[in-house]
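Peer 1: What follows is the file run-v4.txt, containing compact mmCIF, C-alpha atoms:
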# COMPACT_ATOMS: atom_id res chain seq x y z
CA HIS L 1 44.09 63.28 38.93
CA ASP L 2 43.78 67.02 38.22
CA ALA L 3 40.18 66.64 37.07
CA LEU L 4 39.14 63.79 39.38
CA PRO L 5 36.13 65.57 40.98
CA ILE L 6 34.94 66.44 37.48
CA LEU L 7 35.49 62.97 36.07
CA ASN L 8 33.37 61.55 38.88
CA ASN L 9 30.41 63.62 37.69
CA ILE L 10 30.52 63.08 33.93
CA TYR L 11 27.35 60.98 33.96
CA TYR L 12 25.71 62.60 36.98
CA VAL L 13 23.27 64.73 34.96
CA ASP L 14 20.67 62.73 33.06
CA MET L 15 22.49 59.53 34.00
CA GLU L 16 20.02 57.05 32.54
CA LYS L 17 19.90 58.77 29.15
CA ARG L 18 23.68 58.98 28.92
CA TYR L 19 24.04 55.33 29.84
CA LEU L 20 21.56 54.30 27.13
CA ASP L 21 23.39 56.52 24.63
CA TYR L 22 26.66 54.82 25.53
CA GLN L 23 25.10 51.34 25.20
CA ASN L 24 23.73 52.25 21.77
CA GLY L 25 27.07 53.69 20.64
CA ALA L 26 25.73 57.25 20.48
CA ILE L 27 28.50 58.48 22.81
CA ASP L 28 32.01 58.28 21.39
CA MET L 29 34.50 57.94 24.25
CA ARG L 30 36.98 59.97 22.19
CA ASN L 31 34.79 62.94 23.07
CA LEU L 32 35.55 62.44 26.73
CA HIS L 33 37.66 65.60 26.97
CA PRO L 34 34.97 68.02 25.76
CA MET L 35 32.49 66.35 28.14
CA VAL L 36 34.88 66.85 31.05
CA TYR L 37 35.61 70.52 30.52
CA ASP L 38 32.03 71.45 29.57
CA ASP L 39 31.19 74.51 31.75
CA ARG L 40 27.95 72.90 33.05
CA ASN L 41 29.83 69.85 34.24
CA VAL L 42 32.55 72.02 35.81
CA ALA L 43 29.89 74.02 37.66
CA LEU L 44 28.31 70.80 38.94
CA ALA L 45 31.69 69.47 40.09
CA VAL L 46 32.56 72.70 41.94
CA ARG L 47 29.14 72.76 43.63
CA GLN L 48 29.52 69.17 44.80
CA LEU L 49 33.08 69.81 45.97
CA GLY L 50 31.78 72.73 48.07
CA GLN L 51 29.39 70.34 49.85
CA SER L 52 32.05 67.67 50.41
CA PRO L 53 33.63 67.16 53.90
CA GLY L 54 37.04 66.99 52.22
CA ARG L 55 36.73 70.29 50.38
CA MET L 56 39.66 71.82 52.26
CA THR L 57 41.98 68.83 51.69
CA PRO L 58 44.84 69.83 49.34
CA GLY L 59 44.89 68.04 45.99
CA PRO L 60 48.01 66.77 44.09
CA ASP L 61 48.91 70.35 43.13
CA GLY L 62 48.18 71.73 46.63
CA SER L 63 44.87 73.38 45.69
CA ASN L 64 41.58 73.02 47.59
CA TYR L 65 38.07 74.47 47.42
CA LYS L 66 39.25 77.77 48.94
CA THR L 67 41.80 78.33 46.15
CA LEU L 68 39.11 77.76 43.49
CA GLU L 69 36.84 80.54 44.76
CA LYS L 70 38.75 83.27 42.93
CA TYR L 71 38.02 81.69 39.53
CA SER L 72 34.79 81.84 37.56
CA VAL L 73 33.28 78.64 36.17
CA MET L 74 34.41 79.57 32.66
CA GLU L 75 37.98 80.14 33.88
CA LEU L 76 38.00 76.79 35.67
CA ALA L 77 36.73 75.07 32.53
CA GLU L 78 39.63 76.57 30.57
CA ILE L 79 42.14 75.43 33.22
CA VAL L 80 40.77 71.88 33.08
CA LYS L 81 40.84 71.92 29.28
CA GLU L 82 44.45 73.14 29.20
CA ARG L 83 45.61 70.49 31.70
CA LEU L 84 43.87 67.63 29.93
CA LEU L 85 45.16 68.59 26.49
CA LYS L 86 48.72 68.77 27.84
CA LYS L 87 48.59 65.13 28.97
CA GLN L 88 50.48 63.01 26.43
CA MET L 89 48.36 59.91 27.00
CA ASP L 90 46.25 57.59 24.88
CA TYR L 91 42.93 57.92 26.69
CA VAL L 92 40.97 55.34 24.70
CA PHE L 93 41.63 51.95 23.11
CA LYS L 94 39.62 49.27 21.37
CA GLN L 95 38.87 46.29 23.56
CA ASN L 96 40.33 42.98 22.40
CA THR L 97 38.05 40.42 24.04
CA LYS L 98 36.05 37.30 23.17
CA ASN L 99 32.91 39.07 24.37
CA VAL L 100 31.05 39.96 21.15
CA LYS L 101 29.23 42.90 22.76
CA LYS L 102 32.49 44.49 24.00
CA LYS L 103 34.95 43.56 21.24
CA GLY L 104 36.11 46.55 19.24
CA LYS L 105 34.34 49.07 21.46
CA LEU L 106 36.31 51.99 22.81
CA MET L 107 37.29 52.02 26.48
CA VAL L 108 38.98 54.68 28.59
CA ALA L 109 42.64 53.68 29.02
CA ASN L 110 44.87 53.91 32.06
CA CYS L 111 48.37 54.43 30.70
CA LEU L 112 51.85 55.23 31.94
CA PRO L 113 52.60 58.94 31.38
CA GLN L 114 55.68 59.63 29.26
CA GLU L 115 57.42 61.60 32.01
CA LYS L 116 56.98 58.66 34.43
CA ALA L 117 58.28 56.20 31.84
CA ASP L 118 61.37 58.40 31.38
CA GLU L 119 61.86 58.46 35.16
CA ILE L 120 61.70 54.63 35.36
CA VAL L 121 64.15 54.26 32.46
CA GLY L 122 66.55 56.68 34.17
CA LYS L 123 66.42 54.73 37.44
CA CYS L 124 66.93 51.41 35.62
CA ARG L 125 70.04 52.79 33.87
CA GLU L 126 71.39 54.04 37.20
CA LEU L 127 70.95 50.61 38.82
CA LEU L 128 72.48 48.78 35.84
CA ARG L 129 75.53 51.06 35.92
CA ALA L 130 75.92 50.26 39.62
CA ILE L 131 75.92 46.53 38.74
CA ARG L 132 78.57 47.10 36.05
CA LYS L 133 80.74 48.96 38.53
CA GLU L 134 80.36 46.40 41.33
CA PRO L 135 78.52 43.14 40.55
CA SER L 136 77.45 41.86 43.98
CA PHE L 137 74.42 40.46 45.77
CA GLU L 138 73.67 43.97 47.01
CA THR L 139 73.61 45.66 43.57
CA PHE L 140 71.67 42.81 41.93
CA ASN L 141 69.22 42.77 44.83
CA ASN L 142 68.74 46.56 44.55
CA TRP L 143 67.78 46.01 40.89
CA ASN L 144 65.27 43.27 41.78
CA ILE L 145 63.77 45.34 44.61
CA TYR L 146 63.16 48.29 42.29
CA VAL L 147 61.75 46.22 39.40
CA VAL L 148 59.42 44.12 41.58
CA GLY L 149 58.34 47.24 43.48
CA ILE L 150 57.51 49.20 40.32
CA HIS L 151 55.60 46.16 38.97
CA ASN L 152 53.59 45.97 42.21
CA TYR L 153 52.73 49.67 41.96
CA TYR L 154 51.43 49.59 38.38
CA ARG L 155 49.98 46.05 38.11
CA GLY L 156 46.36 47.23 38.00
CA MET L 157 47.00 49.59 35.06
CA THR L 158 45.10 48.82 31.86
CA HIS L 159 48.14 49.02 29.55
CA PHE L 160 50.58 47.67 32.13
CA CYS L 161 52.20 45.01 29.90
CA GLU L 162 52.42 47.25 26.83
CA SER L 163 53.91 50.21 28.75
CA PHE L 164 56.61 48.12 30.45
CA SER L 165 57.40 46.27 27.23
CA LYS L 166 58.34 49.65 25.72
CA ILE L 167 60.50 50.46 28.75
CA GLY L 168 62.21 47.06 28.32
CA TRP L 169 63.13 47.89 24.72
CA ARG L 170 64.61 51.24 25.76
CA ILE L 171 67.13 49.60 28.13
CA LYS L 172 67.52 46.27 26.29
CA LYS L 173 71.12 46.76 25.12
CA LEU L 174 72.35 48.11 28.45
CA PHE L 175 70.63 45.25 30.33
CA TYR L 176 72.16 42.47 28.20
CA HIS L 177 75.62 44.04 28.03
CA THR L 178 75.54 44.40 31.82
CA MET L 179 74.38 40.85 32.52
CA GLU L 180 76.44 39.07 29.86
CA LYS L 181 79.72 38.96 31.83
CA ARG L 182 78.38 39.48 35.35
CA ALA L 183 75.53 36.98 35.72
CA MET L 184 74.90 33.39 34.66
CA PHE L 185 72.49 32.66 31.80
CA THR L 186 70.44 29.53 32.50
CA LYS L 187 67.44 27.64 31.14
CA GLU L 188 66.87 25.87 34.48
CA GLN L 189 63.38 27.09 35.44
CA SER L 190 63.36 26.20 39.15
CA TYR L 191 65.19 29.34 40.36
CA LYS L 192 62.71 31.61 38.62
CA ASN L 193 59.61 29.54 39.36
CA GLN L 194 60.36 29.48 43.09
CA PHE L 195 60.99 33.21 43.24
CA LEU L 196 58.17 35.20 44.92
CA GLY L 197 55.78 32.26 44.83
CA GLY L 198 56.15 31.78 41.06
CA ARG L 199 54.95 35.25 40.08
CA TYR L 200 57.30 35.32 37.06
CA ARG L 201 56.79 31.67 36.11
CA SER L 202 55.41 32.49 32.64
CA TRP L 203 58.52 34.50 31.66
CA GLY L 204 62.05 33.41 30.75
CA LYS L 205 61.05 30.09 29.19
CA ASP L 206 63.98 30.36 26.74
CA GLY L 207 66.40 31.31 29.51
CA TYR L 208 67.15 34.14 31.91
CA TYR L 209 69.99 35.56 33.99
CA CYS L 210 70.81 34.43 37.54
CA PHE L 211 73.28 35.57 40.18
CA GLY L 212 74.06 33.10 42.95
CA GLY L 213 70.79 31.25 42.46
CA ILE L 214 68.71 34.46 42.50
CA PRO L 215 66.88 35.22 39.19
CA ILE L 216 67.38 38.69 37.72
CA ILE L 217 63.90 40.05 36.98
CA ARG L 218 63.56 41.99 33.72
CA ILE L 219 61.58 45.23 33.69
CA ASP L 220 59.42 43.97 30.78
CA TRP L 221 58.30 40.84 32.68
CA ALA L 222 55.01 42.56 33.40
CA ASN L 223 52.04 40.39 34.38
CA TRP L 224 48.72 42.23 34.74
CA ASP L 225 47.07 41.10 37.98
CA SER L 226 43.37 40.42 37.35
CA GLY L 227 43.00 39.54 41.04
CA LEU L 228 43.40 43.19 41.99
CA ILE L 229 39.87 43.90 40.78
CA SER L 230 37.52 41.00 41.38
CA ALA L 231 34.15 42.14 40.08
CA THR L 232 31.53 41.03 37.57
CA LYS L 233 29.02 43.46 36.04
CA GLY L 234 29.93 46.09 38.63
CA VAL L 235 29.46 43.76 41.62
CA VAL L 236 32.56 43.09 43.76
CA ARG L 237 32.86 39.32 44.26
CA ARG L 238 35.41 39.42 47.06
CA LYS L 239 33.81 40.22 50.42
CA ASN L 240 36.51 42.72 51.25
CA PRO L 241 39.20 43.44 48.60
CA TYR L 242 41.55 44.67 51.32
CA ASP L 243 41.09 41.71 53.66
CA TYR L 244 43.67 39.08 52.79
CA GLY L 245 42.86 36.92 55.82
CA GLU L 246 45.30 35.58 58.35
CA LYS L 247 48.91 36.20 57.41
CA LYS L 248 50.47 32.83 56.62
CA HIS L 249 53.87 31.97 55.21
CA LYS L 250 53.70 30.97 51.55
CA SER L 251 56.30 28.67 50.06
CA GLY L 252 59.24 30.54 48.60
CA VAL L 253 61.53 33.36 49.62
CA THR L 254 60.42 36.99 49.64
CA MET L 255 62.38 40.08 48.63
CA GLU L 256 62.53 41.10 52.30
CA MET L 257 64.23 37.80 53.20
CA ILE L 258 66.82 38.14 50.43
CA THR L 259 67.48 41.75 51.46
CA TYR L 260 68.02 40.64 55.06
CA LEU L 261 70.51 37.96 53.94
CA VAL L 262 72.33 40.39 51.65
CA ASN L 263 72.70 42.94 54.46
CA THR L 264 73.91 40.38 57.01
CA SER L 265 76.33 38.81 54.51
CA LYS L 266 78.33 42.05 54.41
CA TYR L 267 79.94 41.01 57.67
CA ILE L 268 81.16 37.63 56.34
CA LYS L 269 84.78 37.93 55.22
CA ASN L 270 84.70 34.99 52.81
CA SER L 271 82.81 36.19 49.71
CA ARG L 272 82.16 32.63 48.50
CA LEU L 273 80.48 31.68 51.76
CA ALA L 274 78.50 34.93 51.76
CA MET L 275 77.21 34.19 48.24
CA PHE L 276 76.33 30.52 48.76
CA ARG L 277 74.76 31.24 52.16
CA ILE L 278 72.12 33.31 50.35
CA SER L 279 71.64 31.00 47.37
CA LYS L 280 71.31 27.90 49.60
CA TYR L 281 68.49 29.45 51.65
CA SER L 282 66.76 30.70 48.50
CA SER L 283 67.06 27.43 46.55
CA VAL L 284 65.53 25.28 49.33
CA LYS L 285 62.88 27.94 50.06
CA GLY L 286 64.11 28.26 53.64
CA ILE L 287 63.29 24.63 54.49
CA SER L 288 65.41 23.02 57.22
CA TYR L 289 67.71 20.14 56.23
CA LEU L 290 66.57 18.18 59.30
CA SER L 291 63.04 19.14 60.32
CA GLY L 292 61.62 19.85 56.87
CA GLU L 293 59.96 22.94 58.36
CA PHE L 294 60.34 26.52 57.22
CA VAL L 295 63.11 28.40 59.06
CA PRO L 296 62.51 32.16 59.45
CA VAL L 297 65.39 34.10 57.94
CA GLU L 298 66.28 35.64 61.33
CA ASN L 299 66.57 32.11 62.77
CA TYR L 300 68.62 30.70 59.86
CA HIS L 301 72.01 29.10 60.49
CA CYS L 302 74.18 27.99 57.57
CA HIS L 303 75.95 24.74 58.55
CA HIS L 304 78.96 23.13 56.84
CA ILE L 305 78.11 19.44 56.34
CA LYS L 306 81.83 18.63 56.31
CA PRO L 307 83.53 21.04 58.74
CA LYS L 308 86.17 23.38 57.33
CA SER L 309 88.58 22.13 60.02
CA LYS L 310 88.39 18.70 58.37
CA GLY L 311 88.82 19.86 54.79
CA GLY L 312 85.28 21.04 54.10
CA THR L 313 84.64 23.88 51.62
CA ASN L 314 82.32 26.87 51.35
CA ASP L 315 80.76 25.38 48.21
CA PHE L 316 77.00 25.24 47.70
CA ASP L 317 76.80 21.43 48.07
CA ASN L 318 78.62 21.45 51.43
CA LEU L 319 76.11 23.85 53.05
CA CYS L 320 72.69 23.16 54.55
CA VAL L 321 69.92 25.15 56.23
CA LEU L 322 69.36 24.63 59.96
CA SER L 323 67.43 26.53 62.59
CA GLU L 324 69.31 28.12 65.47
CA LEU L 325 68.10 25.41 67.90
CA GLU L 326 69.02 22.54 65.56
CA HIS L 327 72.48 24.02 65.06
CA GLN L 328 73.03 24.45 68.80
CA ILE L 329 72.03 20.83 69.53
CA LEU L 330 74.23 19.54 66.70
CA HIS L 331 77.30 21.26 68.19
CA SER L 332 76.39 20.45 71.79
CA SER L 333 77.92 17.70 73.95
CA ASN L 334 74.91 15.48 73.20
CA PRO L 335 73.99 15.84 69.48
CA GLU L 336 72.22 12.46 69.61
CA GLN L 337 69.17 14.33 70.90
CA LEU L 338 68.40 15.05 67.25
CA TYR L 339 67.43 11.38 66.69
CA ALA L 340 64.53 11.78 69.14
CA LEU L 341 63.48 15.12 67.62
CA PHE L 342 63.60 13.98 63.98
CA PRO L 343 63.23 10.17 63.85
CA LYS L 344 62.60 10.21 60.08
CA LYS L 345 65.92 11.93 59.35
CA LYS L 346 68.27 9.40 60.97
CA LYS L 347 70.50 9.05 57.89
CA ARG L 348 71.06 12.81 57.60
CA ILE L 349 71.63 13.18 61.35
CA LYS L 350 74.18 10.34 61.27
CA THR L 351 76.03 12.04 58.38
CA LEU L 352 76.13 15.41 60.17
CA ILE L 353 77.24 13.96 63.53
CA GLY L 354 79.79 11.63 61.87
CA ALA L 355 81.42 14.55 60.07
CA LEU L 356 81.94 16.59 63.26
Give the structure from the file, written as structure tokens.

Peer 2:
Amino acid sequence: HDALPILNNIYYVDMEKRYLDYQNGAIDMRNLHPMVYDDRNVALAVRQLGQSPGRMTPGPDGSNYKTLEKYSVMELAEIVKERLLKKQMDYVFKQNTKNVKKKGKLMVANCLPQEKADEIVGKCRELLRAIRKEPSFETFNNWNIYVVGIHNYYRGMTHFCESFSKIGWRIKKLFYHTMEKRAMFTKEQSYKNQFLGGRYRSWGKDGYYCFGGIPIIRIDWANWDSGLISATKGVVRRKNPYDYGEKKHKSGVTMEMITYLVNTSKYIKNSRLAMFRISKYSSVKGISYLSGEFVPVENYHCHHIKPKSKGGTNDFDNLCVLSELEHQILHSSNPEQLYALFPKKKKRIKTLIGAL
């Protein structure tokens, strides 16, 4: 980011010739650094920055066009050179593609800086230690929130999978030692495949860890999202990359819903009920036991099929998802109204009413 205005102007001068040189292999992308801090290119970048409406906007280090005025072009070129050479990043890689024209050719890489990788590893260790100290829905959910969030942030990065695979190896022992006695290992794929609309479906085929029906997402489950950039030969194919259309509910339970349930479960005294209340909603994707419609998490009522007053338990199989209205009618003086509302669910309604 430090040399962004300069990077934008690498091919500005004699653009057509440079493009032809690149196509013919005359330009080696490993020489990108010298091209960036060439004094002519620095002078061009500074001149264009001076004509830009955002010239006074502070950059990542707080500098703007005004702060650059005290330096000569040669001094600025040296500053850019020093900053670039300090970056511990692999700037180029050979493309591994079926396209014969592109295969083996060098491409500028977008990698995870070492200091950022260290920061992510440190945060992962902190969250895993919290799980070891107190294994609960809250600590496991905090882990999932961080991992999914960091995946969302870096998904468009060129070496996304490779960078997070390395991070996974760095915390591998701590992760498995933490999960071994505190979470359930399962090969049942439905929990994972229903999580976040199946985003992590391709991972954990040989098994993964779960806590109360919620899959524990590993940091190295990194899927690069090709949908972030939808373009062919420089032409954007999506009309508006930032327009996702009308917001509709997709099947599955989101991290926000799980977080809401975790936070509201703190006030339930029975820990078993608190745990299965969350896992029941997650496992049925928030679908009502009676209507078959999605129940918003704020409108979710967890009903005991066999009431506790009649020997019912807080176990997973004795719980069902109902909306607030359905629950109120069921416990009203005239629960038979449900037959008229849901004529296709007569057997379930009869079971629920008979158990009251």

Peer 1: Just checking: using only C-alpha atoms, which residue out of L:Ser288, L:Asn64, L:Asn314, L:Asn223 ends up closest to Leu49 (chain L)?

Peer 2: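 Comparing L:Ser288, L:Asn64, L:Asn314, L:Asn223 against Leu49 (chain L), the winner is L:Asn64.
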
Peer 1: Find the residue from L:Arg47, L:Lys346, L:Lys172, L:Lys123 that sits nearest to Val73 (chain L); use only C-alpha atoms when measuring.

Peer 2: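 Of L:Arg47, L:Lys346, L:Lys172, L:Lys123, the one nearest Val73 (chain L) is L:Arg47, counting only C-alpha atoms.
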
Peer 1: Got a sec: who's within 10 Å of Arg129 (chain L), counting all atoms listed in the file, leaving out chain neighbours fewer than 4 positions off, as a VMD selection string?

Peer 2: chain L and resid 123 to 125 133 to 135 139 174 to 175 178

Peer 1: I'd like the contact shell of Arg272 (chain L) - 8 Å cut-off, only C-alpha atoms, skipping same-chain residues fewer than 3 positions apart - returned as JSON, numbers by chain.

Peer 2: {"L": [275, 276, 314, 315]}

Peer 1: Could you give me, as a list in words, the residues within 10 Å of Lys187 (chain L), counting all atoms listed in the file and dropping anything in the same chain fewer than 6 positions from it?

Peer 2: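 Counting only the stated atoms, we get Gly204, Lys205, Asp206, Gly207, Tyr208, Tyr209 and Cys210 of chain L.
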
Peer 1: Which of these, L:Asn270, L:Thr264, L:Gln189, L:Ser309, has the shortest distance to Gly213 (chain L) once you count all atoms listed in the file?

Peer 2: L:Gln189

Peer 1: Generate all heavy atoms for region 190-201 of chain L and emit them as an mmCIF file, keeping the file's coordinate frame.

Peer 2:
data_model
loop_
_atom_site.group_PDB
_atom_site.id
_atom_site.type_symbol
_atom_site.label_atom_id
_atom_site.label_comp_id
_atom_site.auth_asym_id
_atom_site.auth_seq_id
_atom_site.Cartn_x
_atom_site.Cartn_y
_atom_site.Cartn_z
ATOM 1 N N SER L 190 63.731 26.289 37.729
ATOM 2 C CA SER L 190 63.360 26.200 39.150
ATOM 3 C C SER L 190 63.678 27.474 39.929
ATOM 4 O O SER L 190 62.900 27.895 40.780
ATOM 5 C CB SER L 190 64.059 24.999 39.801
ATOM 6 O OG SER L 190 65.464 25.128 39.728
ATOM 7 N N TYR L 191 64.835 28.117 39.637
ATOM 8 C CA TYR L 191 65.190 29.340 40.360
ATOM 9 C C TYR L 191 64.115 30.402 40.190
ATOM 10 O O TYR L 191 63.658 31.035 41.137
ATOM 11 C CB TYR L 191 66.536 29.909 39.872
ATOM 12 C CG TYR L 191 67.709 28.976 40.014
ATOM 13 C CD1 TYR L 191 68.415 28.548 38.897
ATOM 14 C CD2 TYR L 191 68.126 28.529 41.268
ATOM 15 C CE1 TYR L 191 69.502 27.692 39.017
ATOM 16 C CE2 TYR L 191 69.211 27.673 41.403
ATOM 17 C CZ TYR L 191 69.894 27.257 40.276
ATOM 18 O OH TYR L 191 70.956 26.410 40.403
ATOM 19 N N LYS L 192 63.697 30.573 38.940
ATOM 20 C CA LYS L 192 62.710 31.610 38.620
ATOM 21 C C LYS L 192 61.324 31.237 39.142
ATOM 22 O O LYS L 192 60.600 32.088 39.674
ATOM 23 C CB LYS L 192 62.672 31.819 37.106
ATOM 24 C CG LYS L 192 61.547 32.697 36.595
ATOM 25 C CD LYS L 192 61.616 32.854 35.093
ATOM 26 C CE LYS L 192 61.518 31.543 34.384
ATOM 27 N NZ LYS L 192 60.175 30.912 34.504
ATOM 28 N N ASN L 193 60.963 29.963 38.980
ATOM 29 C CA ASN L 193 59.610 29.540 39.360
ATOM 30 C C ASN L 193 59.393 29.552 40.873
ATOM 31 O O ASN L 193 58.263 29.650 41.339
ATOM 32 C CB ASN L 193 59.335 28.135 38.820
ATOM 33 C CG ASN L 193 59.252 28.117 37.305
ATOM 34 O OD1 ASN L 193 59.196 29.165 36.669
ATOM 35 N ND2 ASN L 193 59.264 26.933 36.719
ATOM 36 N N GLN L 194 60.479 29.444 41.638
ATOM 37 C CA GLN L 194 60.360 29.480 43.090
ATOM 38 C C GLN L 194 60.419 30.895 43.640
ATOM 39 O O GLN L 194 60.096 31.128 44.803
ATOM 40 C CB GLN L 194 61.502 28.655 43.719
ATOM 41 C CG GLN L 194 61.392 27.155 43.466
ATOM 42 C CD GLN L 194 62.640 26.406 43.893
ATOM 43 O OE1 GLN L 194 63.558 26.974 44.472
ATOM 44 N NE2 GLN L 194 62.687 25.114 43.605
ATOM 45 N N PHE L 195 60.803 31.830 42.803
ATOM 46 C CA PHE L 195 60.990 33.210 43.240
ATOM 47 C C PHE L 195 59.645 33.912 43.424
ATOM 48 O O PHE L 195 58.806 33.911 42.519
ATOM 49 C CB PHE L 195 61.843 33.960 42.208
ATOM 50 C CG PHE L 195 62.261 35.341 42.625
ATOM 51 C CD1 PHE L 195 63.210 35.527 43.610
ATOM 52 C CD2 PHE L 195 61.700 36.457 42.033
ATOM 53 C CE1 PHE L 195 63.615 36.795 43.994
ATOM 54 C CE2 PHE L 195 62.092 37.728 42.407
ATOM 55 C CZ PHE L 195 63.051 37.896 43.397
ATOM 56 N N LEU L 196 59.414 34.479 44.605
ATOM 57 C CA LEU L 196 58.170 35.200 44.920
ATOM 58 C C LEU L 196 56.923 34.370 44.613
ATOM 59 O O LEU L 196 55.947 34.880 44.038
ATOM 60 C CB LEU L 196 58.115 36.538 44.157
ATOM 61 C CG LEU L 196 59.191 37.566 44.510
ATOM 62 C CD1 LEU L 196 58.987 38.836 43.697
ATOM 63 C CD2 LEU L 196 59.181 37.897 45.991
ATOM 64 N N GLY L 197 56.956 33.114 44.992
ATOM 65 C CA GLY L 197 55.780 32.260 44.830
ATOM 66 C C GLY L 197 55.417 31.985 43.382
ATOM 67 O O GLY L 197 54.257 31.698 43.063
ATOM 68 N N GLY L 198 56.401 32.089 42.474
ATOM 69 C CA GLY L 198 56.150 31.780 41.060
ATOM 70 C C GLY L 198 55.485 32.890 40.280
ATOM 71 O O GLY L 198 54.897 32.640 39.232
ATOM 72 N N ARG L 199 55.608 34.132 40.769
ATOM 73 C CA ARG L 199 54.950 35.250 40.080
ATOM 74 C C ARG L 199 55.448 35.416 38.639
ATOM 75 O O ARG L 199 54.686 35.800 37.745
ATOM 76 C CB ARG L 199 55.206 36.558 40.832
ATOM 77 C CG ARG L 199 54.554 37.769 40.165
ATOM 78 C CD ARG L 199 54.927 39.064 40.835
ATOM 79 N NE ARG L 199 54.481 39.107 42.214
ATOM 80 C CZ ARG L 199 54.707 40.153 43.017
ATOM 81 N NH1 ARG L 199 55.392 41.184 42.577
ATOM 82 N NH2 ARG L 199 54.271 40.130 44.251
ATOM 83 N N TYR L 200 56.731 35.125 38.398
ATOM 84 C CA TYR L 200 57.300 35.320 37.060
ATOM 85 C C TYR L 200 57.494 33.994 36.327
ATOM 86 O O TYR L 200 58.336 33.879 35.449
ATOM 87 C CB TYR L 200 58.634 36.078 37.178
ATOM 88 C CG TYR L 200 58.462 37.473 37.735
ATOM 89 C CD1 TYR L 200 58.691 37.738 39.088
ATOM 90 C CD2 TYR L 200 58.036 38.521 36.936
ATOM 91 C CE1 TYR L 200 58.514 39.013 39.608
ATOM 92 C CE2 TYR L 200 57.860 39.801 37.440
ATOM 93 C CZ TYR L 200 58.096 40.034 38.772
ATOM 94 O OH TYR L 200 57.913 41.308 39.286
ATOM 95 N N ARG L 201 56.691 33.019 36.688
ATOM 96 C CA ARG L 201 56.790 31.670 36.110
ATOM 97 C C ARG L 201 56.609 31.672 34.591
ATOM 98 O O ARG L 201 57.259 30.900 33.875
ATOM 99 C CB ARG L 201 55.719 30.780 36.753
ATOM 100 C CG ARG L 201 55.720 29.336 36.286
ATOM 101 C CD ARG L 201 54.560 28.578 36.924
ATOM 102 N NE ARG L 201 54.756 28.458 38.358
ATOM 103 C CZ ARG L 201 55.403 27.456 38.935
ATOM 104 N NH1 ARG L 201 55.913 26.490 38.194
ATOM 105 N NH2 ARG L 201 55.533 27.421 40.237
#
